[in-house]
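Q: Below is the file upload15.csv, which contains CSV, N, CA and C atoms.
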```
chain,number,residue,atom,x,y,z
P,1,MET,N,49.5,-27.6,-214.6
P,1,MET,CA,48.1,-27.8,-214.6
P,1,MET,C,47.6,-28.0,-213.1
P,2,ASP,N,46.7,-27.3,-212.7
P,2,ASP,CA,46.2,-27.5,-211.3
P,2,ASP,C,45.0,-28.4,-211.3
P,3,ASP,N,44.5,-28.8,-210.1
P,3,ASP,CA,43.4,-29.7,-210.0
P,3,ASP,C,42.1,-29.2,-210.7
P,4,ARG,N,41.8,-28.0,-210.7
P,4,ARG,CA,40.6,-27.4,-211.4
P,4,ARG,C,40.8,-27.6,-212.9
P,5,GLU,N,41.9,-27.4,-213.4
P,5,GLU,CA,42.1,-27.6,-214.9
P,5,GLU,C,42.0,-29.0,-215.2
P,6,ILE,N,42.5,-29.9,-214.4
P,6,ILE,CA,42.4,-31.3,-214.7
P,6,ILE,C,41.0,-31.8,-214.6
P,7,LEU,N,40.2,-31.3,-213.6
P,7,LEU,CA,38.8,-31.6,-213.5
P,7,LEU,C,38.0,-31.1,-214.7
P,8,ASP,N,38.3,-29.9,-215.1
P,8,ASP,CA,37.7,-29.3,-216.3
P,8,ASP,C,37.9,-30.2,-217.6
P,9,ASN,N,39.2,-30.6,-217.7
P,9,ASN,CA,39.6,-31.5,-218.8
P,9,ASN,C,38.8,-32.8,-218.7
P,10,ILE,N,38.7,-33.3,-217.6
P,10,ILE,CA,38.0,-34.6,-217.4
P,10,ILE,C,36.5,-34.4,-217.8
P,11,GLY,N,35.9,-33.3,-217.4
P,11,GLY,CA,34.5,-33.0,-217.7
P,11,GLY,C,34.3,-32.9,-219.2
P,12,GLY,N,35.2,-32.3,-219.9
P,12,GLY,CA,35.1,-32.2,-221.4
P,12,GLY,C,35.3,-33.6,-222.0
P,13,LEU,N,36.2,-34.4,-221.5
P,13,LEU,CA,36.4,-35.7,-222.1
P,13,LEU,C,35.2,-36.6,-221.8
P,14,VAL,N,34.6,-36.5,-220.6
P,14,VAL,CA,33.5,-37.3,-220.2
P,14,VAL,C,32.3,-37.0,-221.2
P,15,SER,N,32.1,-35.7,-221.5
P,15,SER,CA,31.0,-35.3,-222.4
P,15,SER,C,31.3,-35.9,-223.8
P,16,GLU,N,32.5,-35.8,-224.2
P,16,GLU,CA,32.8,-36.4,-225.5
P,16,GLU,C,32.6,-37.9,-225.6
P,17,GLU,N,33.1,-38.5,-224.5
P,17,GLU,CA,32.9,-40.0,-224.4
P,17,GLU,C,31.4,-40.4,-224.4
P,18,ARG,N,30.6,-39.7,-223.7
P,18,ARG,CA,29.2,-40.0,-223.7
P,18,ARG,C,28.6,-39.8,-225.0
P,19,ASN,N,28.9,-38.7,-225.7
P,19,ASN,CA,28.4,-38.4,-227.0
P,19,ASN,C,28.8,-39.6,-228.0
P,20,LEU,N,30.1,-40.0,-228.0
P,20,LEU,CA,30.5,-41.1,-228.8
P,20,LEU,C,29.8,-42.4,-228.5
P,21,ARG,N,29.6,-42.7,-227.2
P,21,ARG,CA,29.0,-43.9,-226.8
P,21,ARG,C,27.5,-43.9,-227.2
P,22,ASP,N,26.8,-42.7,-227.1
P,22,ASP,CA,25.5,-42.6,-227.5
P,22,ASP,C,25.3,-42.9,-229.0
P,23,ARG,N,26.3,-42.3,-229.8
P,23,ARG,CA,26.2,-42.5,-231.2
P,23,ARG,C,26.6,-43.9,-231.6
P,24,SER,N,27.3,-44.6,-230.8
P,24,SER,CA,27.7,-46.0,-231.1
P,24,SER,C,26.5,-46.9,-231.1
P,25,THR,N,25.5,-46.6,-230.3
P,25,THR,CA,24.3,-47.4,-230.2
P,25,THR,C,23.3,-47.2,-231.2
P,26,ARG,N,23.5,-46.2,-232.0
P,26,ARG,CA,22.6,-46.0,-233.1
P,26,ARG,C,22.8,-47.0,-234.3
P,27,GLU,N,21.9,-47.0,-235.2
P,27,GLU,CA,21.9,-48.0,-236.2
P,27,GLU,C,23.2,-47.9,-237.1
P,28,THR,N,23.7,-46.7,-237.3
P,28,THR,CA,24.9,-46.6,-238.1
P,28,THR,C,26.2,-46.8,-237.4
P,29,GLY,N,26.1,-46.7,-236.0
P,29,GLY,CA,27.3,-47.0,-235.2
P,29,GLY,C,28.4,-45.9,-235.4
P,30,LEU,N,29.6,-46.2,-235.1
P,30,LEU,CA,30.7,-45.2,-235.2
P,30,LEU,C,31.6,-45.6,-236.4
P,31,SER,N,32.1,-44.5,-237.0
P,31,SER,CA,33.0,-44.7,-238.1
P,31,SER,C,34.4,-45.2,-237.5
P,32,ALA,N,35.3,-45.7,-238.3
P,32,ALA,CA,36.6,-46.1,-237.8
P,32,ALA,C,37.3,-45.0,-237.1
P,33,ASP,N,37.2,-43.7,-237.6
P,33,ASP,CA,37.8,-42.6,-237.0
P,33,ASP,C,37.2,-42.3,-235.6
P,34,GLU,N,35.9,-42.4,-235.5
P,34,GLU,CA,35.2,-42.2,-234.3
P,34,GLU,C,35.5,-43.3,-233.2
P,35,LYS,N,35.7,-44.5,-233.7
P,35,LYS,CA,36.1,-45.6,-232.8
P,35,LYS,C,37.5,-45.3,-232.2
P,36,SER,N,38.3,-44.9,-233.1
P,36,SER,CA,39.7,-44.5,-232.7
P,36,SER,C,39.7,-43.4,-231.7
P,37,ARG,N,38.9,-42.4,-232.0
P,37,ARG,CA,38.8,-41.2,-231.1
P,37,ARG,C,38.2,-41.7,-229.7
P,38,LEU,N,37.3,-42.6,-229.7
P,38,LEU,CA,36.7,-43.1,-228.4
P,38,LEU,C,37.8,-43.7,-227.6
P,39,ARG,N,38.7,-44.5,-228.2
P,39,ARG,CA,39.8,-45.2,-227.5
P,39,ARG,C,40.8,-44.1,-227.0
P,40,THR,N,41.0,-43.1,-227.8
P,40,THR,CA,41.9,-42.0,-227.4
P,40,THR,C,41.3,-41.3,-226.2
P,41,VAL,N,40.0,-41.0,-226.2
P,41,VAL,CA,39.4,-40.3,-225.1
P,41,VAL,C,39.4,-41.1,-223.8
P,42,GLU,N,39.2,-42.4,-224.0
P,42,GLU,CA,39.2,-43.3,-222.8
P,42,GLU,C,40.6,-43.3,-222.2
P,43,ALA,N,41.6,-43.4,-223.0
P,43,ALA,CA,43.0,-43.4,-222.5
P,43,ALA,C,43.3,-42.0,-221.8
P,44,GLN,N,42.9,-40.9,-222.4
P,44,GLN,CA,43.2,-39.6,-221.9
P,44,GLN,C,42.5,-39.4,-220.5
P,45,LEU,N,41.2,-40.0,-220.4
P,45,LEU,CA,40.5,-39.9,-219.1
P,45,LEU,C,41.3,-40.7,-218.1
P,46,GLU,N,41.8,-41.9,-218.4
P,46,GLU,CA,42.6,-42.6,-217.4
P,46,GLU,C,43.8,-41.9,-217.0
P,47,GLN,N,44.5,-41.2,-217.9
P,47,GLN,CA,45.6,-40.4,-217.6
P,47,GLN,C,45.3,-39.2,-216.7
P,48,CYS,N,44.2,-38.6,-217.0
P,48,CYS,CA,43.8,-37.4,-216.2
P,48,CYS,C,43.5,-37.9,-214.8
P,49,TRP,N,42.7,-38.9,-214.6
P,49,TRP,CA,42.3,-39.4,-213.3
P,49,TRP,C,43.6,-39.8,-212.5
P,50,ASP,N,44.5,-40.5,-213.2
P,50,ASP,CA,45.8,-40.9,-212.6
P,50,ASP,C,46.6,-39.6,-212.1
P,51,LEU,N,46.7,-38.6,-213.0
P,51,LEU,CA,47.4,-37.4,-212.6
P,51,LEU,C,46.7,-36.7,-211.4
P,52,LEU,N,45.4,-36.7,-211.4
P,52,LEU,CA,44.7,-36.1,-210.2
P,52,LEU,C,45.0,-36.9,-209.0
P,53,ARG,N,45.0,-38.2,-209.0
P,53,ARG,CA,45.3,-39.0,-207.9
P,53,ARG,C,46.7,-38.8,-207.4
P,54,GLN,N,47.6,-38.7,-208.3
P,54,GLN,CA,49.0,-38.4,-207.9
P,54,GLN,C,49.1,-37.1,-207.2
P,55,ARG,N,48.5,-36.0,-207.8
P,55,ARG,CA,48.6,-34.7,-207.2
P,55,ARG,C,48.0,-34.7,-205.8
P,56,ARG,N,46.9,-35.4,-205.6
P,56,ARG,CA,46.2,-35.4,-204.3
P,56,ARG,C,47.0,-36.2,-203.3
P,57,ALA,N,47.7,-37.3,-203.7
P,57,ALA,CA,48.5,-38.0,-202.8
P,57,ALA,C,49.7,-37.2,-202.4
P,58,LEU,N,50.4,-36.5,-203.3
P,58,LEU,CA,51.5,-35.7,-203.0
P,58,LEU,C,51.1,-34.6,-202.0
P,59,SER,N,50.0,-34.0,-202.2
P,59,SER,CA,49.5,-32.9,-201.4
P,59,SER,C,49.2,-33.4,-200.0
P,60,GLU,N,48.6,-34.6,-199.9
P,60,GLU,CA,48.2,-35.2,-198.7
P,60,GLU,C,49.4,-35.5,-197.8
P,61,PHE,N,50.5,-35.8,-198.4
P,61,PHE,CA,51.7,-36.1,-197.6
P,61,PHE,C,52.7,-34.9,-197.6
P,62,GLY,N,52.2,-33.7,-197.8
P,62,GLY,CA,53.0,-32.5,-197.6
P,62,GLY,C,54.0,-32.2,-198.7
P,63,GLU,N,53.8,-32.9,-199.9
P,63,GLU,CA,54.7,-32.6,-201.0
P,63,GLU,C,54.1,-31.7,-202.0
P,64,ASP,N,54.9,-31.2,-202.9
P,64,ASP,CA,54.4,-30.3,-204.0
P,64,ASP,C,53.6,-31.1,-205.0
P,65,PRO,N,52.3,-30.9,-205.2
P,65,PRO,CA,51.5,-31.6,-206.2
P,65,PRO,C,52.0,-31.4,-207.6
P,66,SER,N,52.7,-30.3,-207.9
P,66,SER,CA,53.2,-30.0,-209.2
P,66,SER,C,54.3,-31.0,-209.7
P,67,GLY,N,54.7,-31.9,-208.7
P,67,GLY,CA,55.7,-32.9,-209.0
P,67,GLY,C,55.0,-34.1,-209.7
P,68,ALA,N,53.7,-34.1,-209.8
P,68,ALA,CA,53.0,-35.2,-210.5
P,68,ALA,C,53.2,-35.1,-212.0
P,69,LYS,N,53.3,-36.2,-212.6
P,69,LYS,CA,53.5,-36.2,-214.1
P,69,LYS,C,52.5,-37.1,-214.8
P,70,VAL,N,52.2,-36.7,-216.0
P,70,VAL,CA,51.3,-37.6,-216.8
P,70,VAL,C,52.1,-38.8,-217.2
P,71,ARG,N,51.5,-40.0,-216.8
P,71,ARG,CA,52.1,-41.2,-217.2
P,71,ARG,C,51.6,-41.7,-218.5
P,72,PRO,N,52.4,-42.5,-219.2
P,72,PRO,CA,52.0,-43.0,-220.5
P,72,PRO,C,50.7,-43.8,-220.4
P,73,ALA,N,49.9,-43.7,-221.4
P,73,ALA,CA,48.5,-44.4,-221.4
P,73,ALA,C,48.7,-45.9,-221.1
P,74,GLY,N,49.6,-46.6,-221.7
P,74,GLY,CA,49.8,-48.0,-221.4
P,74,GLY,C,50.1,-48.3,-220.0
P,75,GLU,N,50.7,-47.4,-219.3
P,75,GLU,CA,51.0,-47.6,-217.9
P,75,GLU,C,49.8,-47.4,-217.0
P,76,VAL,N,48.8,-46.6,-217.3
P,76,VAL,CA,47.7,-46.3,-216.5
P,76,VAL,C,46.4,-47.0,-216.9
P,77,GLU,N,46.4,-47.6,-218.1
P,77,GLU,CA,45.3,-48.3,-218.6
P,77,GLU,C,44.9,-49.5,-217.7
P,78,GLY,N,43.7,-49.6,-217.4
P,78,GLY,CA,43.2,-50.7,-216.6
P,78,GLY,C,43.3,-50.5,-215.1
P,79,TYR,N,43.9,-49.4,-214.6
P,79,TYR,CA,43.9,-49.2,-213.2
P,79,TYR,C,42.5,-49.2,-212.6
P,80,GLN,N,42.4,-49.7,-211.5
P,80,GLN,CA,41.1,-49.8,-210.8
P,80,GLN,C,41.1,-48.7,-209.7
P,81,ASN,N,40.0,-48.1,-209.5
P,81,ASN,CA,39.9,-47.0,-208.5
P,81,ASN,C,39.8,-47.7,-207.1
```
Now, as a test, write the supplied structure out as structure tokens.

A:
Amino acid sequence: MDDREILDNIGGLVSEERNLRDRSTRETGLSADEKSRLRTVEAQLEQCWDLLRQRRALSEFGEDPSGAKVRPAGEVEGYQN
């Protein structure tokens, strides 16, 4: 996966996250499945951003960006930019 594909994936996840967050503020809120999906989307976003940062760091230091790997969600959750 290259940077463009990662950014496209991020764009799709951000759209889905916004949709779910908008729906969560309505009177009916989110169903249990939708809440679960929102948590999954948030974790996937963190993983994508982490992967993109890894790739850019490798590239910046003259290494092959394809060496970057998706880290487990628990490992990247809560990272600060």

Q: In terms of the shortest atom-to-atom distance over only N, CA and C atoms, which of P:Ile6, P:Leu38, P:Cys48, P:Ala43 is closest to Gly74 in chain P?

A: P:Ala43

Q: Could you go through chain P and tell me which residues DSSP, when run on the backbone, assigns to alpha helix (DSSP H), listing them as a PyMOL selection string?

A: chain P and resi 3-24+32-60+73-76

Q: Excluding same-chain residues fewer than 3 positions from Arg4 in chain P, what lies within 12 Å of it counting only C-alpha atoms, as a VMD selection string?

A: chain P and resid 1 7 to 11 48 52 55

Q: In Å to one decimal, how far is CA of Arg53 in chain P from atom N of Val70 in chain P?

A: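 CA of Arg53 in chain P lies at a distance of 10.9 Å from atom N of Val70 in chain P.
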
Q: Report, in Å with one decimal, the straight-line distance from CA of Val41 in chain P to CA of Pro65 in chain P.

A: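 Here the two named atoms are 24.1 Å from each other.
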
Q: Pick from P:Arg18, P:Arg39, P:Arg26, P:Arg71: nearest to Leu51 in chain P, with all atoms listed in the file counted?

A: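 The shortest atom-to-atom distance to Leu51 in chain P comes from P:Arg71.
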
Q: By how many Å are CA of Asp50 in chain P and CA of Gly67 in chain P apart?

A: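 Value for the CA of Asp50 in chain P-CA of Gly67 in chain P distance: 13.2 Å.
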